[in-house]
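Quick look at start.csv (CSV, C-alpha atoms and all ligand atoms):
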chain,number,residue,atom,x,y,z
A,979,MET,CA,47.1,-101.5,64.5
A,980,ARG,CA,46.4,-99.6,67.7
A,981,VAL,CA,43.7,-97.0,67.1
A,982,VAL,CA,42.5,-94.3,69.5
A,983,ILE,CA,39.0,-93.1,68.6
A,984,ALA,CA,38.1,-89.7,70.1
A,985,GLY,CA,34.4,-89.3,70.4
A,986,GLY,CA,34.1,-93.1,70.7
A,987,HIS,CA,30.4,-93.2,71.4
A,988,GLY,CA,29.6,-91.3,68.2
A,989,LYS,CA,27.6,-93.0,65.5
A,990,ILE,CA,30.4,-93.2,62.9
A,991,ALA,CA,32.8,-94.1,65.8
A,992,LEU,CA,30.8,-97.1,66.9
A,993,GLU,CA,30.6,-98.4,63.3
A,994,LEU,CA,34.3,-97.9,62.9
A,995,THR,CA,35.1,-99.6,66.2
A,996,ARG,CA,33.1,-102.7,64.9
A,997,LEU,CA,35.0,-102.8,61.6
A,998,LEU,CA,38.4,-102.4,63.2
A,999,ASP,CA,37.8,-105.0,65.9
A,1000,GLU,CA,36.5,-107.5,63.3
A,1001,ARG,CA,39.8,-107.3,61.5
A,1002,GLY,CA,41.9,-107.5,64.6
A,1003,ASP,CA,42.9,-103.9,65.2
A,1004,GLN,CA,43.0,-102.7,68.8
A,1005,VAL,CA,40.7,-99.8,69.7
A,1006,ARG,CA,40.9,-97.5,72.6
A,1007,SER,CA,37.8,-95.4,72.8
A,1008,LEU,CA,37.7,-91.9,74.4
A,1009,ILE,CA,34.2,-91.1,75.7
A,1010,ARG,CA,32.9,-88.3,77.9
A,1011,ASN,CA,30.1,-90.2,79.6
A,1012,PRO,CA,31.1,-93.2,81.7
A,1013,ASP,CA,27.7,-94.7,81.1
A,1014,HIS,CA,28.7,-95.3,77.5
A,1015,ALA,CA,31.7,-97.5,78.4
A,1016,GLU,CA,29.7,-100.8,78.1
A,1017,GLU,CA,28.3,-99.9,74.7
A,1018,VAL,CA,31.7,-99.0,73.2
A,1019,ARG,CA,33.2,-102.2,74.7
A,1020,SER,CA,30.4,-104.2,73.2
A,1021,ALA,CA,31.2,-102.6,69.8
A,1022,GLY,CA,34.7,-104.0,70.1
A,1023,ALA,CA,36.8,-101.4,71.9
A,1024,LEU,CA,39.4,-103.0,74.2
A,1025,GLU,CA,39.4,-100.0,76.5
A,1026,ALA,CA,36.9,-97.1,77.2
A,1027,ILE,CA,38.6,-94.1,78.7
A,1028,VAL,CA,36.6,-91.2,80.1
A,1029,CYS,CA,38.0,-87.9,78.8
A,1030,ASP,CA,35.9,-84.8,78.0
A,1031,LEU,CA,37.9,-83.1,75.3
A,1032,GLU,CA,36.6,-79.7,76.2
A,1033,GLU,CA,37.0,-79.9,79.9
A,1034,SER,CA,40.4,-81.7,79.9
A,1035,ASP,CA,43.8,-80.0,79.5
A,1036,GLU,CA,46.4,-81.2,77.1
A,1037,ASP,CA,48.2,-83.3,79.8
A,1038,ARG,CA,45.0,-85.2,80.6
A,1039,VAL,CA,44.2,-85.7,77.0
A,1040,SER,CA,47.7,-87.1,76.3
A,1041,GLU,CA,47.3,-89.4,79.3
A,1042,ALA,CA,44.0,-90.7,78.0
A,1043,VAL,CA,45.3,-91.2,74.5
A,1044,GLY,CA,48.3,-93.2,75.6
A,1045,GLU,CA,50.3,-95.2,73.0
A,1046,ALA,CA,48.8,-95.7,69.5
A,1047,ASP,CA,49.6,-95.9,65.8
A,1048,VAL,CA,46.9,-93.5,64.9
A,1049,ILE,CA,44.3,-91.1,66.4
A,1050,VAL,CA,40.9,-90.8,64.8
A,1051,PHE,CA,38.9,-87.7,65.6
A,1052,ALA,CA,35.2,-88.8,65.3
A,1053,ALA,CA,33.8,-86.3,67.9
A,1054,GLY,CA,31.7,-83.3,67.3
A,1055,ALA,CA,29.7,-80.7,69.2
A,1056,GLY,CA,26.6,-81.8,67.3
A,1057,PRO,CA,23.8,-80.0,65.6
A,1058,GLY,CA,22.2,-78.6,68.8
A,1059,SER,CA,25.3,-76.8,69.9
A,1060,GLY,CA,26.1,-73.1,69.6
A,1061,PRO,CA,29.0,-71.3,68.1
A,1062,GLU,CA,31.1,-71.4,71.3
A,1063,ARG,CA,31.3,-75.2,71.1
A,1064,LYS,CA,32.3,-75.2,67.5
A,1065,GLU,CA,35.4,-73.5,68.8
A,1066,THR,CA,36.0,-75.6,71.9
A,1067,MET,CA,35.0,-79.0,70.4
A,1068,ASP,CA,35.3,-79.1,66.6
A,1069,TYR,CA,38.5,-77.0,66.6
A,1070,GLY,CA,39.9,-77.1,70.1
A,1071,GLY,CA,39.4,-80.9,70.5
A,1072,VAL,CA,41.5,-81.5,67.4
A,1073,VAL,CA,44.2,-79.1,68.6
A,1074,LYS,CA,44.5,-81.0,72.0
A,1075,LEU,CA,44.6,-84.3,70.3
A,1076,LEU,CA,47.4,-83.1,67.9
A,1077,ALA,CA,49.3,-82.0,71.0
A,1078,ALA,CA,48.7,-85.5,72.5
A,1079,ALA,CA,50.0,-87.1,69.2
A,1080,ASP,CA,53.1,-85.0,69.4
A,1081,HIS,CA,53.6,-85.7,73.1
A,1082,ASN,CA,53.1,-89.4,72.8
A,1083,ALA,CA,55.0,-89.8,69.5
A,1084,ILE,CA,51.9,-91.0,67.6
A,1085,PRO,CA,52.7,-90.7,63.8
A,1086,ARG,CA,49.3,-90.5,62.2
A,1087,PHE,CA,46.1,-88.6,62.6
A,1088,ALA,CA,42.7,-89.1,60.9
A,1089,VAL,CA,39.8,-86.6,61.2
A,1090,ILE,CA,36.2,-86.7,60.2
A,1091,SER,CA,35.8,-83.2,58.9
A,1092,SER,CA,32.9,-82.0,56.7
A,1093,MET,CA,32.3,-81.1,53.1
A,1094,GLY,CA,32.6,-77.3,52.9
A,1095,ALA,CA,35.0,-77.0,55.8
A,1096,ASP,CA,37.1,-73.9,55.1
A,1097,ALA,CA,39.0,-71.6,57.5
A,1098,GLY,CA,38.1,-68.7,55.2
A,1099,HIS,CA,34.4,-69.5,55.0
A,1100,GLU,CA,32.3,-66.4,55.5
A,1101,GLY,CA,29.0,-65.9,57.4
A,1102,ASP,CA,27.6,-65.5,60.9
A,1103,GLU,CA,25.2,-68.4,61.2
A,1104,THR,CA,26.2,-71.3,63.5
A,1105,PHE,CA,26.7,-73.5,60.5
A,1106,ASP,CA,29.2,-70.9,59.1
A,1107,VAL,CA,31.1,-70.9,62.4
A,1108,TYR,CA,31.1,-74.8,62.2
A,1109,LEU,CA,32.6,-74.8,58.7
A,1110,ARG,CA,35.3,-72.3,59.7
A,1111,ALA,CA,36.1,-74.3,62.9
A,1112,LYS,CA,36.3,-77.6,60.8
A,1113,GLY,CA,38.5,-75.8,58.2
A,1114,ARG,CA,40.9,-74.5,60.9
A,1115,ALA,CA,41.1,-77.9,62.5
A,1116,ASP,CA,41.9,-79.5,59.1
A,1117,ASP,CA,44.6,-76.8,58.5
A,1118,ALA,CA,46.1,-77.6,61.9
A,1119,VAL,CA,46.2,-81.3,61.0
A,1120,ARG,CA,47.9,-80.6,57.7
A,1121,GLU,CA,50.4,-78.3,59.3
A,1122,SER,CA,51.2,-80.8,62.2
A,1123,GLY,CA,53.8,-82.7,60.4
A,1124,LEU,CA,52.0,-85.9,61.1
A,1125,GLY,CA,50.8,-88.4,58.5
A,1126,TYR,CA,47.1,-87.5,58.0
A,1127,LEU,CA,43.8,-88.5,56.5
A,1128,ILE,CA,41.1,-85.9,56.3
A,1129,VAL,CA,37.7,-87.3,55.4
A,1130,ARG,CA,35.0,-84.7,54.5
A,1131,PRO,CA,31.6,-86.4,54.2
A,1132,GLY,CA,28.5,-84.8,52.7
A,1133,GLY,CA,25.2,-85.0,54.7
A,1134,LEU,CA,25.3,-88.0,57.0
A,1135,THR,CA,22.4,-90.5,57.1
A,1136,ASP,CA,21.7,-93.6,59.2
A,1137,ASP,CA,20.9,-95.6,56.1
A,1138,PRO,CA,22.4,-99.1,55.8
A,1139,PRO,CA,25.9,-99.3,54.3
A,1140,THR,CA,26.1,-99.7,50.5
A,1141,GLY,CA,29.8,-100.5,50.3
A,1142,ARG,CA,30.2,-97.9,47.6
A,1143,VAL,CA,31.0,-94.2,47.6
A,1144,GLU,CA,32.3,-91.4,45.4
A,1145,ALA,CA,35.5,-89.9,46.9
A,1146,ASP,CA,38.0,-87.4,45.5
A,1147,ARG,CA,39.5,-84.1,46.3
A,1148,ARG,CA,36.2,-82.5,45.2
A,1149,VAL,CA,32.9,-84.3,44.5
A,1150,GLU,CA,29.4,-83.1,43.9
A,1151,ARG,CA,27.4,-82.4,47.0
A,1152,GLY,CA,25.3,-85.3,48.3
A,1153,GLN,CA,24.6,-87.6,51.2
A,1154,VAL,CA,26.3,-90.7,52.5
A,1155,PRO,CA,25.5,-93.3,55.2
A,1156,ARG,CA,27.6,-93.0,58.3
A,1157,ALA,CA,28.4,-96.7,58.0
A,1158,ASP,CA,30.0,-96.1,54.6
A,1159,VAL,CA,32.1,-93.3,56.0
A,1160,ALA,CA,33.3,-95.6,58.8
A,1161,ALA,CA,34.2,-98.2,56.1
A,1162,VAL,CA,36.1,-95.6,54.1
A,1163,ILE,CA,38.2,-94.6,57.2
A,1164,ALA,CA,38.8,-98.3,58.1
A,1165,THR,CA,40.0,-99.0,54.5
A,1166,LEU,CA,42.2,-95.9,54.2
A,1167,LEU,CA,43.8,-96.4,57.6
A,1168,ARG,CA,45.4,-99.5,56.1
A,1169,ASP,CA,46.6,-97.7,53.1
A,1170,PRO,CA,50.2,-96.4,53.5
A,1171,ALA,CA,49.6,-93.7,50.9
A,1172,PRO,CA,50.7,-90.2,51.6
A,1173,GLU,CA,48.5,-87.6,53.2
A,1174,ARG,CA,45.0,-87.2,51.9
A,1175,THR,CA,42.1,-84.8,52.1
A,1176,ILE,CA,39.0,-86.2,50.4
A,1177,GLU,CA,35.3,-85.4,50.1
A,1178,VAL,CA,33.0,-88.4,50.3
A,1179,VAL,CA,29.4,-89.0,49.2
A,1180,SER,CA,27.4,-92.0,48.0
A,1181,GLY,CA,28.6,-93.3,44.7
A,1182,ASP,CA,29.7,-96.3,42.6
A,1183,VAL,CA,33.3,-97.0,43.7
A,1184,PRO,CA,33.6,-100.1,45.9
A,1185,ILE,CA,35.1,-99.0,49.2
A,1186,GLU,CA,37.4,-102.0,49.4
A,1187,GLY,CA,39.1,-100.7,46.3
A,1188,LEU,CA,39.1,-97.1,47.2
A,1189,ALA,CA,42.9,-96.7,47.9
A,1190,GLY,CA,43.6,-97.9,44.3
A,1191,HIS,CA,40.9,-95.6,43.0
A,1192,LEU,CA,42.4,-92.6,44.8
A,1193,ALA,CA,46.0,-93.4,43.8
A,1194,GLY,CA,47.3,-90.4,41.8
A,1195,ARG,CA,44.0,-88.5,42.2
A,1196,ALA,CA,43.8,-87.4,45.9
B,1,LIG,N1,25.7,-84.4,60.5
B,1,LIG,C1,26.2,-84.3,59.3
B,1,LIG,O1,25.5,-84.4,58.3
B,1,LIG,C2,27.7,-84.2,59.2
B,1,LIG,C3,28.2,-84.0,57.9
B,1,LIG,C4,29.6,-84.0,57.8
B,1,LIG,C5,30.4,-84.2,58.9
B,1,LIG,N2,29.9,-84.3,60.1
B,1,LIG,C6,30.8,-84.6,61.2
B,1,LIG,O2,31.0,-86.0,61.4
B,1,LIG,C7,31.5,-86.3,62.6
B,1,LIG,C8,30.9,-87.5,63.2
B,1,LIG,O3,29.5,-87.5,63.1
B,1,LIG,P1,28.5,-88.5,63.9
B,1,LIG,O4,27.2,-88.3,63.5
B,1,LIG,O5,29.1,-89.9,64.0
B,1,LIG,O6,28.7,-87.8,65.4
B,1,LIG,P2,27.9,-88.0,66.7
B,1,LIG,O7,27.1,-89.3,66.7
B,1,LIG,O8,27.2,-86.8,67.0
B,1,LIG,O9,29.1,-88.2,67.8
B,1,LIG,C9,29.8,-87.2,68.2
B,1,LIG,C10,30.5,-87.7,69.5
B,1,LIG,O10,31.3,-86.6,70.0
B,1,LIG,C11,31.2,-86.7,71.4
B,1,LIG,N3,31.5,-85.5,72.1
B,1,LIG,C12,30.8,-84.3,72.1
B,1,LIG,N4,31.4,-83.4,72.9
B,1,LIG,C13,32.5,-84.1,73.4
B,1,LIG,C14,33.5,-83.7,74.3
B,1,LIG,N5,33.5,-82.4,74.9
B,1,LIG,N6,34.5,-84.5,74.7
B,1,LIG,C15,34.5,-85.8,74.1
B,1,LIG,N7,33.5,-86.2,73.3
B,1,LIG,C16,32.6,-85.4,72.9
B,1,LIG,C17,29.8,-87.1,71.7
B,1,LIG,O11,29.7,-87.7,73.0
B,1,LIG,P3,28.3,-88.2,73.6
B,1,LIG,O12,28.0,-89.5,73.0
B,1,LIG,O13,28.6,-88.3,75.1
B,1,LIG,O14,27.3,-87.1,73.2
B,1,LIG,C18,29.5,-88.1,70.6
B,1,LIG,O15,29.8,-89.4,71.0
B,1,LIG,C19,31.3,-85.0,63.5
B,1,LIG,O16,32.6,-84.4,63.6
B,1,LIG,C20,30.4,-84.1,62.6
B,1,LIG,O17,30.7,-82.8,62.8
B,1,LIG,C21,28.5,-84.4,60.3

Please, can you express the file's structure as structure tokens?
Amino acid sequence: MRVVIAGGHGKIALELTRLLDERGDQVRSLIRNPDHAEEVRSAGALEAIVCDLEESDEDRVSEAVGEADVIVFAAGAGPGSGPERKETMDYGGVVKLLAAADHNAIPRFAVISSMGADAGHEGDETFDVYLRAKGRADDAVRESGLGYLIVRPGGLTDDPPTGRVEADRRVERGQVPRADVAAVIATLLRDPAPERTIEVVSGDVPIEGLAGHLAGRA
């Protein structure tokens, strides 16, 4: 499988790159800082392409994405950013990548969203703006006509992977190691199931059997 990971130097992205490379998938990593190229290649990316998703127009993003079977959006403006970048990165980045998928005939799109993402979320704090931006991005993915996987983790930790999660349309709030989120995405990218939006926190379900667990539920 040819996978483009946008935000390829992110923490989940690097874990995902390792997992995909280990099983023989081909990863093209989009990064914004050329100094990160060596690190993403060491993680297993075949290519590291410099493309700032906020600075680049749709043509440039389409060129950077190239041919692929699926795009994974693993980027994010990050906790230190203000409301403007929730719009330009967390929402706008997804919109540009959806245009690239359309332009380059890429059939599938996966996005790391967030538990609580909701286009109708109310409030004026930066975190409220973030949840609205993530919700609008998820809506754009669902309305794109592409096959999609929307993963909405709870609070992310850098704890070691457990290999187990709770995942469903809705789950109780909680935390989850980034490495387990990466494993969930890697597993579900292989699942030819229909479109899915799932919340993910730590739990008891083995990630390797997650597709079967979700069948008929989400
Ligand atoms: N923190 C939480 O508890 C939490 C909970 C639920 C969901 N999430 C979401 O989970 C996702 C991944 O989390 P993570 O911790 O793995 O992320 P991360 O380590 O912060 O990585 C985000 C990546 O996005 C890249 N990026 C930022 N602006 C960019 C731009 N303009 N163009 C291209 N790339 C850009 C960053 O590049 P640089 O490496 O150059 O900085 C970074 O590599 C994010 O979407 C986040 O919103 C977070």

Test item: residues lying within 8 Å of ligand LIG 1 (chain B) with all atoms listed in the file, as a PyMOL selection string: chain A and resi 984-992+1008-1011+1014+1029-1033+1051-1057+1066-1068+1071+1089-1093+1112+1130-1135+1153+1156

Need to verify the contact set: range 1142-1144 of chain A, 8 Å, all atoms listed in the file, exclusion of same-chain residues closer than 6 positions in sequence. Can you return it as a CSV table (one decimal) with C-alpha atoms, in the frame of the given file?
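Okay, this is what ended up in part-v6.csv:
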chain,number,residue,atom,x,y,z
A,1154,VAL,CA,26.3,-90.7,52.5
A,1158,ASP,CA,30.0,-96.1,54.6
A,1178,VAL,CA,33.0,-88.4,50.3
A,1179,VAL,CA,29.4,-89.0,49.2
A,1180,SER,CA,27.4,-92.0,48.0
A,1181,GLY,CA,28.6,-93.3,44.7
A,1182,ASP,CA,29.7,-96.3,42.6
A,1183,VAL,CA,33.3,-97.0,43.7
A,1184,PRO,CA,33.6,-100.1,45.9
A,1185,ILE,CA,35.1,-99.0,49.2

Pairwise distance for CA of Gly1125 in chain A and CA of Arg1001 in chain A, rounded to one decimal in Å: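 Result for CA of Gly1125 in chain A versus CA of Arg1001 in chain A: 22.1 Å, one decimal.
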
Gly1187 in chain A surroundings by all atoms listed in the file, 10 Å radius, close-in-sequence under 6 positions cut, as a PyMOL selection string: chain A and resi 1142+1162+1165-1166

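Of the residues under consideration (A:Leu994, A:Ala1193, A:Leu1075, A:Val1048), A:Val1048 shows the shortest atom-to-atom contact distance to Tyr1126 in chain A when counting all atoms listed in the file.
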
Neighbour list for Ala1078 in chain A as a list in words, cut-off 9 Å, all atoms listed in the file, skip fewer than 3 positions in-chain: Glu1036, Asp1037, Arg1038, Val1039, Ser1040, Glu1041, Ala1042, Val1043, Gly1044, Val1073, Lys1074, Leu1075, His1081, Asn1082, Ala1083 and Ile1084 of chain A

Range 1113-1116 of chain A surroundings by all atoms listed in the file, 10 Å radius, close-in-sequence under 3 positions cut, as a short mmCIF file (atom, residue, chain, number, x, y, z; two decimals) with C-alpha atoms, keeping the file's coordinate frame:
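around_13.cif written:
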data_model
loop_
_atom_site.label_atom_id
_atom_site.label_comp_id
_atom_site.auth_asym_id
_atom_site.auth_seq_id
_atom_site.Cartn_x
_atom_site.Cartn_y
_atom_site.Cartn_z
CA GLU A 1065 35.40 -73.50 68.80
CA ASP A 1068 35.30 -79.10 66.60
CA TYR A 1069 38.50 -77.00 66.60
CA GLY A 1070 39.90 -77.10 70.10
CA GLY A 1071 39.40 -80.90 70.50
CA VAL A 1072 41.50 -81.50 67.40
CA VAL A 1073 44.20 -79.10 68.60
CA LEU A 1076 47.40 -83.10 67.90
CA ALA A 1088 42.70 -89.10 60.90
CA VAL A 1089 39.80 -86.60 61.20
CA ILE A 1090 36.20 -86.70 60.20
CA SER A 1091 35.80 -83.20 58.90
CA SER A 1092 32.90 -82.00 56.70
CA MET A 1093 32.30 -81.10 53.10
CA GLY A 1094 32.60 -77.30 52.90
CA ALA A 1095 35.00 -77.00 55.80
CA ASP A 1096 37.10 -73.90 55.10
CA ALA A 1097 39.00 -71.60 57.50
CA GLY A 1098 38.10 -68.70 55.20
CA HIS A 1099 34.40 -69.50 55.00
CA VAL A 1107 31.10 -70.90 62.40
CA TYR A 1108 31.10 -74.80 62.20
CA LEU A 1109 32.60 -74.80 58.70
CA ARG A 1110 35.30 -72.30 59.70
CA VAL A 1119 46.20 -81.30 61.00
CA ARG A 1120 47.90 -80.60 57.70
CA GLU A 1121 50.40 -78.30 59.30
CA SER A 1122 51.20 -80.80 62.20
CA TYR A 1126 47.10 -87.50 58.00
CA LEU A 1127 43.80 -88.50 56.50
CA ILE A 1128 41.10 -85.90 56.30
CA VAL A 1129 37.70 -87.30 55.40
CA ARG A 1130 35.00 -84.70 54.50
CA THR A 1175 42.10 -84.80 52.10
#

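Here CA of Val1050 in chain A and CA of Glu1103 in chain A stand 27.6 Å from one another.
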
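Between Ala1164 in chain A and the residues A:Asp999, A:Asp1117, A:Asp1080, A:Asp1146, the shortest atom-to-atom distance, using all atoms listed in the file, involves A:Asp999.
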
Residues within 12 Å of Ala1023 in chain A, all atoms listed in the file, excluding chain neighbours under 2 positions, as an NGL selection string: :A and (980-984 or 986-987 or 991-1000 or 1002-1009 or 1014-1021 or 1025-1027)

Limited to C-alpha atoms, could you put the picked residues into a file as a PDB file, in the coordinates of the input?
ATOM      1  CA  ARG A 980      46.400 -99.600  67.700  1.00  0.00           C
ATOM      2  CA  VAL A 981      43.700 -97.000  67.100  1.00  0.00           C
ATOM      3  CA  VAL A 982      42.500 -94.300  69.500  1.00  0.00           C
ATOM      4  CA  ILE A 983      39.000 -93.100  68.600  1.00  0.00           C
ATOM      5  CA  ALA A 984      38.100 -89.700  70.100  1.00  0.00           C
ATOM      6  CA  GLY A 986      34.100 -93.100  70.700  1.00  0.00           C
ATOM      7  CA  HIS A 987      30.400 -93.200  71.400  1.00  0.00           C
ATOM      8  CA  ALA A 991      32.800 -94.100  65.800  1.00  0.00           C
ATOM      9  CA  LEU A 992      30.800 -97.100  66.900  1.00  0.00           C
ATOM     10  CA  GLU A 993      30.600 -98.400  63.300  1.00  0.00           C
ATOM     11  CA  LEU A 994      34.300 -97.900  62.900  1.00  0.00           C
ATOM     12  CA  THR A 995      35.100 -99.600  66.200  1.00  0.00           C
ATOM     13  CA  ARG A 996      33.100-102.700  64.900  1.00  0.00           C
ATOM     14  CA  LEU A 997      35.000-102.800  61.600  1.00  0.00           C
ATOM     15  CA  LEU A 998      38.400-102.400  63.200  1.00  0.00           C
ATOM     16  CA  ASP A 999      37.800-105.000  65.900  1.00  0.00           C
ATOM     17  CA  GLU A1000      36.500-107.500  63.300  1.00  0.00           C
ATOM     18  CA  GLY A1002      41.900-107.500  64.600  1.00  0.00           C
ATOM     19  CA  ASP A1003      42.900-103.900  65.200  1.00  0.00           C
ATOM     20  CA  GLN A1004      43.000-102.700  68.800  1.00  0.00           C
ATOM     21  CA  VAL A1005      40.700 -99.800  69.700  1.00  0.00           C
ATOM     22  CA  ARG A1006      40.900 -97.500  72.600  1.00  0.00           C
ATOM     23  CA  SER A1007      37.800 -95.400  72.800  1.00  0.00           C
ATOM     24  CA  LEU A1008      37.700 -91.900  74.400  1.00  0.00           C
ATOM     25  CA  ILE A1009      34.200 -91.100  75.700  1.00  0.00           C
ATOM     26  CA  HIS A1014      28.700 -95.300  77.500  1.00  0.00           C
ATOM     27  CA  ALA A1015      31.700 -97.500  78.400  1.00  0.00           C
ATOM     28  CA  GLU A1016      29.700-100.800  78.100  1.00  0.00           C
ATOM     29  CA  GLU A1017      28.300 -99.900  74.700  1.00  0.00           C
ATOM     30  CA  VAL A1018      31.700 -99.000  73.200  1.00  0.00           C
ATOM     31  CA  ARG A1019      33.200-102.200  74.700  1.00  0.00           C
ATOM     32  CA  SER A1020      30.400-104.200  73.200  1.00  0.00           C
ATOM     33  CA  ALA A1021      31.200-102.600  69.800  1.00  0.00           C
ATOM     34  CA  GLU A1025      39.400-100.000  76.500  1.00  0.00           C
ATOM     35  CA  ALA A1026      36.900 -97.100  77.200  1.00  0.00           C
ATOM     36  CA  ILE A1027      38.600 -94.100  78.700  1.00  0.00           C
TER      37      ILE A1027
END

Computed interatomic separation between CA of Lys1064 in chain A and CA of Glu1177 in chain A (Å): 20.4 Å

Given all atoms listed in the file as the counted atoms, nearest of A:Asp1169, A:Asp1137, A:Asp1102, A:Glu1186 to Arg1086 in chain A: A:Asp1169

Reconstruct N, CA, C and O atoms of range 1079-1092 of chain A; output as a PDB file, in the frame of the given file.
ATOM      1  N   ALA A1079      49.251 -86.326  70.216  1.00  0.00           N
ATOM      2  CA  ALA A1079      50.000 -87.100  69.200  1.00  0.00           C
ATOM      3  C   ALA A1079      51.468 -86.755  69.272  1.00  0.00           C
ATOM      4  O   ALA A1079      52.350 -87.628  69.249  1.00  0.00           O
ATOM      5  N   ASP A1080      51.734 -85.468  69.358  1.00  0.00           N
ATOM      6  CA  ASP A1080      53.100 -85.000  69.400  1.00  0.00           C
ATOM      7  C   ASP A1080      53.780 -85.491  70.719  1.00  0.00           C
ATOM      8  O   ASP A1080      54.875 -86.063  70.690  1.00  0.00           O
ATOM      9  N   HIS A1081      53.099 -85.308  71.813  1.00  0.00           N
ATOM     10  CA  HIS A1081      53.600 -85.700  73.100  1.00  0.00           C
ATOM     11  C   HIS A1081      53.894 -87.181  73.201  1.00  0.00           C
ATOM     12  O   HIS A1081      54.897 -87.628  73.773  1.00  0.00           O
ATOM     13  N   ASN A1082      52.997 -87.987  72.637  1.00  0.00           N
ATOM     14  CA  ASN A1082      53.100 -89.400  72.800  1.00  0.00           C
ATOM     15  C   ASN A1082      53.718 -90.121  71.558  1.00  0.00           C
ATOM     16  O   ASN A1082      53.682 -91.343  71.451  1.00  0.00           O
ATOM     17  N   ALA A1083      54.271 -89.296  70.645  1.00  0.00           N
ATOM     18  CA  ALA A1083      55.000 -89.800  69.500  1.00  0.00           C
ATOM     19  C   ALA A1083      54.050 -90.758  68.625  1.00  0.00           C
ATOM     20  O   ALA A1083      54.453 -91.845  68.203  1.00  0.00           O
ATOM     21  N   ILE A1084      52.832 -90.304  68.405  1.00  0.00           N
ATOM     22  CA  ILE A1084      51.900 -91.000  67.600  1.00  0.00           C
ATOM     23  C   ILE A1084      52.007 -90.459  66.140  1.00  0.00           C
ATOM     24  O   ILE A1084      51.839 -89.255  65.950  1.00  0.00           O
ATOM     25  N   PRO A1085      52.317 -91.291  65.145  1.00  0.00           N
ATOM     26  CA  PRO A1085      52.700 -90.700  63.800  1.00  0.00           C
ATOM     27  C   PRO A1085      51.598 -90.307  62.918  1.00  0.00           C
ATOM     28  O   PRO A1085      51.834 -89.618  61.932  1.00  0.00           O
ATOM     29  N   ARG A1086      50.353 -90.693  63.237  1.00  0.00           N
ATOM     30  CA  ARG A1086      49.300 -90.500  62.200  1.00  0.00           C
ATOM     31  C   ARG A1086      48.016 -90.005  62.855  1.00  0.00           C
ATOM     32  O   ARG A1086      47.681 -90.388  63.985  1.00  0.00           O
ATOM     33  N   PHE A1087      47.279 -89.209  62.086  1.00  0.00           N
ATOM     34  CA  PHE A1087      46.100 -88.600  62.600  1.00  0.00           C
ATOM     35  C   PHE A1087      45.005 -88.614  61.504  1.00  0.00           C
ATOM     36  O   PHE A1087      45.260 -88.206  60.374  1.00  0.00           O
ATOM     37  N   ALA A1088      43.815 -89.098  61.859  1.00  0.00           N
ATOM     38  CA  ALA A1088      42.700 -89.100  60.900  1.00  0.00           C
ATOM     39  C   ALA A1088      41.570 -88.239  61.517  1.00  0.00           C
ATOM     40  O   ALA A1088      41.355 -88.273  62.733  1.00  0.00           O
ATOM     41  N   VAL A1089      40.876 -87.502  60.683  1.00  0.00           N
ATOM     42  CA  VAL A1089      39.800 -86.600  61.200  1.00  0.00           C
ATOM     43  C   VAL A1089      38.586 -86.729  60.307  1.00  0.00           C
ATOM     44  O   VAL A1089      38.697 -86.741  59.083  1.00  0.00           O
ATOM     45  N   ILE A1090      37.433 -86.864  60.971  1.00  0.00           N
ATOM     46  CA  ILE A1090      36.200 -86.700  60.200  1.00  0.00           C
ATOM     47  C   ILE A1090      35.855 -85.240  60.218  1.00  0.00           C
ATOM     48  O   ILE A1090      35.508 -84.653  61.238  1.00  0.00           O
ATOM     49  N   SER A1091      36.021 -84.641  59.057  1.00  0.00           N
ATOM     50  CA  SER A1091      35.800 -83.200  58.900  1.00  0.00           C
ATOM     51  C   SER A1091      34.373 -83.082  58.252  1.00  0.00           C
ATOM     52  O   SER A1091      33.460 -83.853  58.574  1.00  0.00           O
ATOM     53  N   SER A1092      34.197 -82.138  57.370  1.00  0.00           N
ATOM     54  CA  SER A1092      32.900 -82.000  56.700  1.00  0.00           C
ATOM     55  C   SER A1092      33.119 -81.341  55.328  1.00  0.00           C
ATOM     56  O   SER A1092      33.987 -80.483  55.153  1.00  0.00           O
TER      57      SER A1092
END
